[in-house]
Amino acid sequence: LANPTTGAPMTKGTVGEQVMLSTNMTNTATTDQPMLYIVQIKDETGHVVYISFISGTVPAGQTYTFGIGWTPEEAGTYTVEVFAWKSWSEPTPLSSVATTTITVE
């Protein structure tokens, strides 16, 4: 989680203010890797309140940062889940699910 203006890491957000959900993905292979980056956010009851995705390619031997903006509409504690899949048509996981929490005030 990062401040969209400064890029500084953060663990708290504010209702109505955008946060950037970003993840560094490293391709340790010797060929470029197409990837689908999916972010899912759940509220305290486990209901999905936001889902978004972007697709791209991580060059061989490189680290690429994927990021999606989210503007929380209500205060609470949210679980952020990040998935890295090969594609929608080939939903093969490329890594384990990354999970973090954010508190919105």
# chains A, B, ... in the order shown; residues from 1 in each chain; ligands from 1
$ residues_around --residues "A:Lys86" --least-positions-apart "4" --cutoff "7 Å" --atoms "only C-alpha atoms" --output "VMD selection string"
chain A and resid 34 to 36 90 to 94
$ write_last_selection --atoms "N, CA, C and O atoms" --output "PDB file, in the first residue's frame"
ATOM      1  N   PRO A  34       4.052 -13.396 -19.503  1.00  0.00           N
ATOM      2  CA  PRO A  34       2.767 -12.701 -19.454  1.00  0.00           C
ATOM      3  C   PRO A  34       2.121 -12.969 -18.095  1.00  0.00           C
ATOM      4  O   PRO A  34       2.266 -14.057 -17.536  1.00  0.00           O
ATOM      5  N   MET A  35       1.422 -11.964 -17.551  1.00  0.00           N
ATOM      6  CA  MET A  35       0.848 -12.134 -16.231  1.00  0.00           C
ATOM      7  C   MET A  35      -0.424 -11.317 -16.076  1.00  0.00           C
ATOM      8  O   MET A  35      -0.564 -10.239 -16.648  1.00  0.00           O
ATOM      9  N   LEU A  36      -1.343 -11.866 -15.291  1.00  0.00           N
ATOM     10  CA  LEU A  36      -2.572 -11.193 -14.917  1.00  0.00           C
ATOM     11  C   LEU A  36      -2.470 -10.874 -13.425  1.00  0.00           C
ATOM     12  O   LEU A  36      -2.317 -11.780 -12.604  1.00  0.00           O
ATOM     13  N   GLU A  90      -6.070 -19.024 -19.080  1.00  0.00           N
ATOM     14  CA  GLU A  90      -5.191 -20.019 -18.464  1.00  0.00           C
ATOM     15  C   GLU A  90      -4.918 -19.580 -17.025  1.00  0.00           C
ATOM     16  O   GLU A  90      -3.856 -19.046 -16.717  1.00  0.00           O
ATOM     17  N   PRO A  91      -5.906 -19.788 -16.116  1.00  0.00           N
ATOM     18  CA  PRO A  91      -5.770 -19.264 -14.743  1.00  0.00           C
ATOM     19  C   PRO A  91      -4.812 -20.069 -13.872  1.00  0.00           C
ATOM     20  O   PRO A  91      -5.152 -20.522 -12.787  1.00  0.00           O
ATOM     21  N   THR A  92      -3.606 -20.215 -14.362  1.00  0.00           N
ATOM     22  CA  THR A  92      -2.559 -20.918 -13.633  1.00  0.00           C
ATOM     23  C   THR A  92      -1.865 -19.944 -12.684  1.00  0.00           C
ATOM     24  O   THR A  92      -1.352 -18.914 -13.138  1.00  0.00           O
ATOM     25  N   PRO A  93      -1.839 -20.237 -11.374  1.00  0.00           N
ATOM     26  CA  PRO A  93      -1.145 -19.335 -10.449  1.00  0.00           C
ATOM     27  C   PRO A  93       0.352 -19.285 -10.754  1.00  0.00           C
ATOM     28  O   PRO A  93       0.984 -20.313 -10.988  1.00  0.00           O
ATOM     29  N   LEU A  94       0.911 -18.082 -10.757  1.00  0.00           N
ATOM     30  CA  LEU A  94       2.348 -17.899 -10.952  1.00  0.00           C
ATOM     31  C   LEU A  94       3.064 -17.683  -9.626  1.00  0.00           C
ATOM     32  O   LEU A  94       4.287 -17.703  -9.572  1.00  0.00           O
TER      33      LEU A  94
END
$ closest_atom_pairs --of "stretch 17-93 of chain A" --to "stretch 98-105 of chain A" --cutoff "12 Å" --atoms "only C-alpha atoms" --output "Markdown table"
| residue | atom | partner | partner_atom | distance |
| --- | --- | --- | --- | --- |
| A:Glu17 | CA | A:Val104 | CA | 9.7 |
| A:Gln18 | CA | A:Val104 | CA | 10.9 |
| A:Val19 | CA | A:Ile102 | CA | 10.1 |
| A:Met20 | CA | A:Ile102 | CA | 11.6 |
| A:Leu21 | CA | A:Thr100 | CA | 10.3 |
| A:Ser22 | CA | A:Ala98 | CA | 11.2 |
| A:Thr23 | CA | A:Ala98 | CA | 9.1 |
| A:Asn24 | CA | A:Ala98 | CA | 11.1 |
| A:Met25 | CA | A:Ala98 | CA | 11.2 |
| A:Tyr37 | CA | A:Ala98 | CA | 11.3 |
| A:Ile38 | CA | A:Ala98 | CA | 10.6 |
| A:Val39 | CA | A:Ala98 | CA | 9.6 |
| A:Gln40 | CA | A:Thr99 | CA | 9.7 |
| A:Ile41 | CA | A:Thr101 | CA | 9.1 |
| A:Lys42 | CA | A:Thr101 | CA | 9.5 |
| A:Asp43 | CA | A:Thr101 | CA | 9.9 |
| A:Glu44 | CA | A:Thr101 | CA | 10.2 |
| A:Trp70 | CA | A:Ile102 | CA | 11.6 |
| A:Thr71 | CA | A:Val104 | CA | 10.1 |
| A:Pro72 | CA | A:Val104 | CA | 7.2 |
| A:Glu73 | CA | A:Val104 | CA | 9.0 |
| A:Glu74 | CA | A:Val104 | CA | 7.3 |
| A:Ala75 | CA | A:Val104 | CA | 4.7 |
| A:Gly76 | CA | A:Val104 | CA | 5.2 |
| A:Thr77 | CA | A:Thr103 | CA | 4.4 |
| A:Tyr78 | CA | A:Ile102 | CA | 5.3 |
| A:Thr79 | CA | A:Thr101 | CA | 4.5 |
| A:Val80 | CA | A:Thr100 | CA | 5.3 |
| A:Glu81 | CA | A:Thr99 | CA | 4.6 |
| A:Val82 | CA | A:Ala98 | CA | 5.1 |
| A:Phe83 | CA | A:Ala98 | CA | 6.8 |
| A:Ala84 | CA | A:Ala98 | CA | 9.0 |
| A:Pro93 | CA | A:Ala98 | CA | 11.7 |
$ closest_residue --among "A:Thr11, A:Thr31, A:Ser87, A:Thr26" --to "A:Ser55" --atoms "only C-alpha atoms"
A:Ser87
$ residues_around --residues "A:Ala60" --least-positions-apart "4" --cutoff "8 Å" --atoms "only C-alpha atoms" --output "ChimeraX atom specification"
/A:27-33
$ write_last_selection --atoms "N, CA and C atoms" --output "short mmCIF file (atom, residue, chain, number, x, y, z; two decimals), in the first residue's frame"
data_model
loop_
_atom_site.label_atom_id
_atom_site.label_comp_id
_atom_site.auth_asym_id
_atom_site.auth_seq_id
_atom_site.Cartn_x
_atom_site.Cartn_y
_atom_site.Cartn_z
N ASN A 27 10.46 -11.86 -12.26
CA ASN A 27 10.48 -13.00 -13.18
C ASN A 27 11.89 -13.58 -13.13
N THR A 28 12.00 -14.76 -12.52
CA THR A 28 13.31 -15.40 -12.41
C THR A 28 13.62 -16.29 -13.61
N ALA A 29 12.69 -16.37 -14.55
CA ALA A 29 12.88 -17.22 -15.73
C ALA A 29 13.77 -16.51 -16.76
N THR A 30 14.12 -17.25 -17.80
CA THR A 30 14.96 -16.69 -18.87
C THR A 30 14.12 -16.19 -20.05
N THR A 31 12.79 -16.27 -19.93
CA THR A 31 11.89 -15.75 -20.97
C THR A 31 10.89 -14.80 -20.33
N ASP A 32 10.36 -13.88 -21.13
CA ASP A 32 9.35 -12.95 -20.64
C ASP A 32 8.11 -13.73 -20.19
N GLN A 33 7.43 -13.22 -19.14
CA GLN A 33 6.28 -13.92 -18.58
C GLN A 33 5.03 -13.04 -18.64
#
$ select_by_dssp --residues "chain A" --states "strand (DSSP E)" --output "PyMOL selection string"
chain A and resi 12-13+19-26+33-42+48-58+63-70+76-85+98-104
$ atom_distance --atom1 "atom CA of A:Val15" --atom2 "atom CA of A:Phe53"
21.8 Å
